[in-house]
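Scroll down for the structure; my scribbles are underneath it.
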Amino acid sequence: MSSKNKTFKTLEEQLQIFKDKGLVIDDYDKTKKILFRENYFFINGYRHLFLKSVTNRVFIDGTTFDEIYSLFTFDRRIRNIIFKNVLIIENNIKSILSYQLSKKYGYKEKDYLNPKNFSQKKEDVRRVKDLISKMQRQIRINGEKHSATFHYINKYGYIPLWIMVKVLSFGIVGELYGILNTTDKANISHYYGLDMNVLENYLVILANYRNLCAHEDILYEHRTQRVINDTKYHDFLKIPMMDSEYIYGKNDVFALIIILKQMLSDDEFRLLIHELEYEFDILEGKLNSISVEKVMDRMGIPTNYKEILDIESGVLV
């Protein structure tokens with residue numbers, strides 16, 4: 001067996017690995033309980049900010065387990081805040097999309113899933129066919145698991161789109177928007193005051209974060225493959241640039257916050273920022289070996305992030 005293979009480690013061995021790298025453990029029993037409950041390998045994923053350097057893989061002098069665990073719990077609470085707000089947008093976009101398409105094409109599957117309703121571009125023909133198949137499959141698999149869809153199937157023999165979207169994943173709803181014809185895309189994106197291609201990109205990013213949050217993956221240092229366009233928010237906040245690119249707000253957590261700014265209501269977004277501020281304040285009080293600004297930098301969040309509240313959003317009401 002290769003020495004590089006990961007092997008099972010007891011709680012005592014896990015603690016010793018931390019100690020050997022210079023981590024201070026004040027309460028062994030408490031730490032063992034945390035590792036047992038939360039998973040050593042997941043908590044270990046939060047150690048990077050506390051290491052001396054990329055090459056010197058030992059902890060900064062004085063770093064405690066409690067600090068790493070504080071970052072872990074901070075990330076969990078931030079993830080919950082982000083998740084509930086992404087769910088708001090998921091519900092909104094499903095409602096807006098189903099209303100627009102039902103109004104125009106009808107409320108039975110054979111009407112609103114007609115391939116002629118979607119993009120007729122040559123390069124989109126396969127996408128349209130594949131997505132309609134995906135949607136029909138989700139109806140078959142999930143239709144009888146939800147009370148509303150089950151009711152319509154049994155009583156009427158069909159599921160209207162405004163009910164069917166409840167069983168569609170956010171990812172599929174984003175794909176659905178992507179294959180709409182130009183007029184339908186524009187009508188939906190107009191509600192948010194966004195370019196239709198920008199909205200299509202945002203939906204993919206939001207679906208990525210939704211899945212990350214749902215599976216409790218590490219959020220604070222997450223980077224998406226897609227980047228967002230430069231916005232007035234980057235300019236207003238005077239985000240620094242490197243090689244003609246903004247260093248924050250492109251494919252990081254702050255890019256997500258910029259998306260949420262444009263797609264949540266003003267009240268919803270204001271609450272989001274206040275909740276983030278509260279969590280940063282709590283974390284700051286628990287860190288000693290590193291600063292909260294170092295965490296914010298890793299998240300891609302500028303120190304003046306709260307000023308984004310002073311910028312008018314594009315959401316139409």
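Letters for chains follow the order of the structure tokens (A, B, ...), residue numbers begin at 1 for each chain, and ligand numbers begin at 1 in the order shown.
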
Residues within 12 Å of Leu203 of chain A, please, as a PyMOL selection string. Count only C-alpha atoms; anything in the same chain fewer than 5 positions from it doesn't count. chain A and resi 86-87+89-90+92-94+169-178+189+194+196-198+208-210+226+228+256+259-260+263

Take the residues just selected and output them with C-alpha atoms as a PDB file, in the first residue's frame.
ATOM      1  CA  VAL A  86     -30.487  31.742  -2.422  1.00  0.00           C
ATOM      2  CA  LEU A  87     -33.708  29.829  -1.703  1.00  0.00           C
ATOM      3  CA  ILE A  89     -34.237  33.787  -5.307  1.00  0.00           C
ATOM      4  CA  GLU A  90     -34.903  30.186  -6.350  1.00  0.00           C
ATOM      5  CA  ASN A  92     -38.748  33.983  -7.091  1.00  0.00           C
ATOM      6  CA  ILE A  93     -37.266  32.863 -10.393  1.00  0.00           C
ATOM      7  CA  LYS A  94     -39.449  29.752 -10.452  1.00  0.00           C
ATOM      8  CA  SER A 169     -33.863  21.555  -9.184  1.00  0.00           C
ATOM      9  CA  PHE A 170     -32.465  25.089  -9.302  1.00  0.00           C
ATOM     10  CA  GLY A 171     -29.887  23.833 -11.795  1.00  0.00           C
ATOM     11  CA  ILE A 172     -32.566  22.645 -14.207  1.00  0.00           C
ATOM     12  CA  VAL A 173     -34.493  25.910 -13.816  1.00  0.00           C
ATOM     13  CA  GLY A 174     -31.297  27.759 -14.784  1.00  0.00           C
ATOM     14  CA  GLU A 175     -30.928  25.475 -17.803  1.00  0.00           C
ATOM     15  CA  LEU A 176     -34.568  26.106 -18.686  1.00  0.00           C
ATOM     16  CA  TYR A 177     -33.971  29.840 -18.690  1.00  0.00           C
ATOM     17  CA  GLY A 178     -30.927  29.264 -20.884  1.00  0.00           C
ATOM     18  CA  SER A 189     -34.497  39.390 -16.941  1.00  0.00           C
ATOM     19  CA  LEU A 194     -30.433  42.661 -15.743  1.00  0.00           C
ATOM     20  CA  MET A 196     -30.531  38.366 -20.116  1.00  0.00           C
ATOM     21  CA  ASN A 197     -27.060  36.834 -20.595  1.00  0.00           C
ATOM     22  CA  VAL A 198     -25.964  38.205 -17.235  1.00  0.00           C
ATOM     23  CA  ASN A 208     -23.589  26.095  -7.638  1.00  0.00           C
ATOM     24  CA  TYR A 209     -23.786  27.846  -4.262  1.00  0.00           C
ATOM     25  CA  ARG A 210     -27.145  26.284  -3.498  1.00  0.00           C
ATOM     26  CA  ARG A 226     -17.718  31.188 -13.857  1.00  0.00           C
ATOM     27  CA  ILE A 228     -19.346  37.751 -13.147  1.00  0.00           C
ATOM     28  CA  LEU A 256     -22.239  36.056  -4.881  1.00  0.00           C
ATOM     29  CA  ILE A 259     -25.560  38.855  -7.372  1.00  0.00           C
ATOM     30  CA  LEU A 260     -27.770  38.800  -4.282  1.00  0.00           C
ATOM     31  CA  MET A 263     -31.788  39.907  -7.165  1.00  0.00           C
TER      32      MET A 263
END

Sel. of alpha helix (DSSP H) residues, segment 12-59 of chain A, as number ranges by chain: A: 12-20, 28-38, 40-43

Written selection (N, CA and C atoms) as a CSV table (one decimal), in the first residue's frame:
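What landed in out_8.csv:
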chain,number,residue,atom,x,y,z
A,12,GLU,N,-7.4,10.2,19.2
A,12,GLU,CA,-6.1,10.6,19.8
A,12,GLU,C,-5.0,10.8,18.7
A,13,GLU,N,-5.0,10.0,17.7
A,13,GLU,CA,-4.1,10.2,16.6
A,13,GLU,C,-4.3,11.5,15.8
A,14,GLN,N,-5.6,11.9,15.7
A,14,GLN,CA,-6.0,13.1,15.0
A,14,GLN,C,-5.5,14.3,15.8
A,15,LEU,N,-5.7,14.2,17.2
A,15,LEU,CA,-5.2,15.3,18.0
A,15,LEU,C,-3.6,15.4,18.0
A,16,GLN,N,-3.0,14.3,17.9
A,16,GLN,CA,-1.5,14.3,17.8
A,16,GLN,C,-1.0,15.0,16.5
A,17,ILE,N,-1.7,14.7,15.4
A,17,ILE,CA,-1.3,15.4,14.2
A,17,ILE,C,-1.4,16.9,14.3
A,18,PHE,N,-2.5,17.4,14.9
A,18,PHE,CA,-2.6,18.8,15.2
A,18,PHE,C,-1.5,19.3,16.1
A,19,LYS,N,-1.2,18.6,17.1
A,19,LYS,CA,-0.2,19.0,18.1
A,19,LYS,C,1.2,19.0,17.4
A,20,ASP,N,1.5,18.0,16.6
A,20,ASP,CA,2.8,17.9,15.9
A,20,ASP,C,3.0,19.1,15.0
A,28,TYR,N,-8.7,18.9,25.9
A,28,TYR,CA,-8.6,17.7,25.1
A,28,TYR,C,-10.0,17.0,25.0
A,29,ASP,N,-10.7,16.9,26.1
A,29,ASP,CA,-12.0,16.2,26.0
A,29,ASP,C,-13.0,16.9,25.1
A,30,LYS,N,-13.0,18.2,25.3
A,30,LYS,CA,-13.9,19.0,24.4
A,30,LYS,C,-13.6,18.9,23.0
A,31,THR,N,-12.3,18.9,22.7
A,31,THR,CA,-11.8,18.9,21.3
A,31,THR,C,-12.1,17.5,20.7
A,32,LYS,N,-11.9,16.4,21.5
A,32,LYS,CA,-12.2,15.1,21.0
A,32,LYS,C,-13.7,15.0,20.6
A,33,LYS,N,-14.6,15.5,21.5
A,33,LYS,CA,-16.0,15.5,21.2
A,33,LYS,C,-16.3,16.2,19.9
A,34,ILE,N,-15.7,17.4,19.7
A,34,ILE,CA,-15.9,18.1,18.5
A,34,ILE,C,-15.5,17.4,17.3
A,35,LEU,N,-14.3,16.8,17.3
A,35,LEU,CA,-13.8,16.0,16.2
A,35,LEU,C,-14.7,14.8,15.9
A,36,PHE,N,-15.2,14.1,16.9
A,36,PHE,CA,-16.1,13.0,16.8
A,36,PHE,C,-17.4,13.4,16.1
A,37,ARG,N,-17.9,14.5,16.5
A,37,ARG,CA,-19.2,15.0,16.1
A,37,ARG,C,-19.1,15.6,14.7
A,38,GLU,N,-18.1,16.4,14.4
A,38,GLU,CA,-18.0,17.2,13.2
A,38,GLU,C,-17.1,16.6,12.1
A,40,TYR,N,-13.0,15.2,11.7
A,40,TYR,CA,-11.6,15.7,11.7
A,40,TYR,C,-11.2,16.3,10.3
A,41,PHE,N,-11.5,15.5,9.2
A,41,PHE,CA,-11.1,15.8,7.9
A,41,PHE,C,-11.8,17.1,7.4
A,42,PHE,N,-13.0,17.3,7.8
A,42,PHE,CA,-13.7,18.5,7.4
A,42,PHE,C,-13.2,19.7,8.1
A,43,ILE,N,-13.0,19.6,9.5
A,43,ILE,CA,-12.5,20.7,10.2
A,43,ILE,C,-11.0,21.0,9.8

Separation of atom CA of Glu216 of chain A from atom CA of Gln136 of chain A in Å: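 Spanning atom CA of Gln136 of chain A to atom CA of Glu216 of chain A is a straight-line distance of 29.0 Å.
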
If you count only C-alpha atoms, which residues fall within 8 Å of segment 282-291 of chain A, apart from same-chain ones fewer than 2 positions away, as a compact mmCIF listing (two decimals) with N, CA and C atoms, in the first residue's frame?
# COMPACT_ATOMS: atom_id res chain seq x y z
N LEU A 49 -5.62 29.07 6.65
CA LEU A 49 -5.34 30.46 7.01
C LEU A 49 -4.45 30.57 8.24
N PHE A 50 -4.35 29.50 9.00
CA PHE A 50 -3.60 29.53 10.24
C PHE A 50 -2.18 28.97 10.09
N ILE A 60 0.77 28.97 12.77
CA ILE A 60 1.29 30.21 13.31
C ILE A 60 1.38 30.07 14.82
N ASP A 61 2.45 30.57 15.40
CA ASP A 61 2.66 30.43 16.84
C ASP A 61 1.43 30.91 17.62
N GLY A 62 0.98 30.07 18.54
CA GLY A 62 -0.14 30.43 19.40
C GLY A 62 -1.51 30.09 18.87
N THR A 63 -1.56 29.55 17.64
CA THR A 63 -2.86 29.18 17.07
C THR A 63 -3.51 28.08 17.90
N GLU A 67 -9.71 28.46 17.68
CA GLU A 67 -9.75 29.42 16.57
C GLU A 67 -10.18 28.74 15.27
N SER A 70 -13.72 28.03 15.49
CA SER A 70 -14.50 29.26 15.34
C SER A 70 -14.70 29.61 13.87
N LEU A 71 -13.65 29.39 13.05
CA LEU A 71 -13.79 29.62 11.61
C LEU A 71 -14.76 28.61 11.00
N PHE A 74 -18.23 29.71 12.07
CA PHE A 74 -18.52 30.93 11.31
C PHE A 74 -18.97 30.57 9.90
N TYR A 278 -22.78 40.87 11.73
CA TYR A 278 -22.86 40.27 13.07
C TYR A 278 -21.90 39.09 13.17
N GLU A 279 -21.88 38.24 12.14
CA GLU A 279 -21.02 37.05 12.17
C GLU A 279 -19.55 37.43 12.12
N PHE A 280 -19.21 38.46 11.35
CA PHE A 280 -17.82 38.93 11.31
C PHE A 280 -17.40 39.46 12.68
N GLU A 293 -9.75 40.37 9.04
CA GLU A 293 -9.50 40.89 7.68
C GLU A 293 -8.85 39.83 6.79
N LYS A 294 -8.06 38.94 7.38
CA LYS A 294 -7.45 37.86 6.60
C LYS A 294 -8.52 36.89 6.11
N VAL A 295 -9.52 36.66 6.94
CA VAL A 295 -10.64 35.80 6.53
C VAL A 295 -11.43 36.49 5.42

Would you mind reading off the distance between atom CA of Tyr107 of chain A and atom CA of Ile139 of chain A, one decimal, in Å?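 Atom CA of Ile139 of chain A lies 14.6 Å from atom CA of Tyr107 of chain A.
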
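For the pair atom CA of Leu272 of chain A and atom CA of Gly45 of chain A, the interatomic distance is 25.6 Å.
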
Near segment 115-130 of chain A, counting only C-alpha atoms, which residues have an atom at most 6 Å away, once you skip same-chain residues fewer than 5 positions from it, shown as a JSON list (two decimals) with C-alpha atoms, in the first residue's frame?
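Just written: part-v5.json:
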[["chain", "number", "residue", "atom", "x", "y", "z"],
["A", 179, "ILE", "CA", -32.94, 27.63, -23.69],
["A", 180, "LEU", "CA", -35.78, 30.15, -23.75],
["A", 181, "ASN", "CA", -36.24, 32.25, -26.84]]

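Closest approach to Pro302 of chain A among A:Leu219, A:Ile159, A:Ile247, A:Leu276 is made by A:Ile247 (distances from only C-alpha atoms).
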
For Glu277 of chain A, find every residue with an atom within 12 Å (counting only C-alpha atoms), except residues of its own chain fewer than 2 positions away, and show them as a list in words.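 Surrounding residues, per the criterion: Phe74, Arg77, Ile78, Ile81, Arg270, Leu271, Leu272, Ile273, His274, Glu275, Glu279, Phe280, Asp281, Ile282, Leu283, Glu284, Val292, Met296, Ile301, Thr303, Asn304, Tyr305, Lys306 and Glu307 of chain A.
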
Expected answer as a list in words: strand (DSSP E or B) residues in segment 229-303 of chain A: Met241, Met242, Glu245 and Tyr246 of chain A

Write to file, as a PDB file, in the first residue's frame, the residues of the selection just made, with N, CA and C atoms.
ATOM      1  N   MET A 241      -7.451  46.666  -8.253  1.00  0.00           N
ATOM      2  CA  MET A 241      -7.285  45.854  -9.461  1.00  0.00           C
ATOM      3  C   MET A 241      -5.861  45.346  -9.551  1.00  0.00           C
ATOM      4  N   MET A 242      -5.716  44.188 -10.184  1.00  0.00           N
ATOM      5  CA  MET A 242      -4.402  43.620 -10.478  1.00  0.00           C
ATOM      6  C   MET A 242      -4.446  43.070 -11.893  1.00  0.00           C
ATOM      7  N   GLU A 245      -7.755  43.478 -13.587  1.00  0.00           N
ATOM      8  CA  GLU A 245      -8.886  42.695 -13.095  1.00  0.00           C
ATOM      9  C   GLU A 245      -9.119  43.027 -11.620  1.00  0.00           C
ATOM     10  N   TYR A 246     -10.390  43.155 -11.240  1.00  0.00           N
ATOM     11  CA  TYR A 246     -10.710  43.373  -9.833  1.00  0.00           C
ATOM     12  C   TYR A 246     -10.279  42.160  -9.015  1.00  0.00           C
TER      13      TYR A 246
END

Given the choices A:Val167, A:Ile132, A:Ala207, A:Ile82, which gets closest to Tyr112 of chain A if the distance is worked out from only C-alpha atoms?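 Result for the nearest residue to Tyr112 of chain A: A:Ile132.
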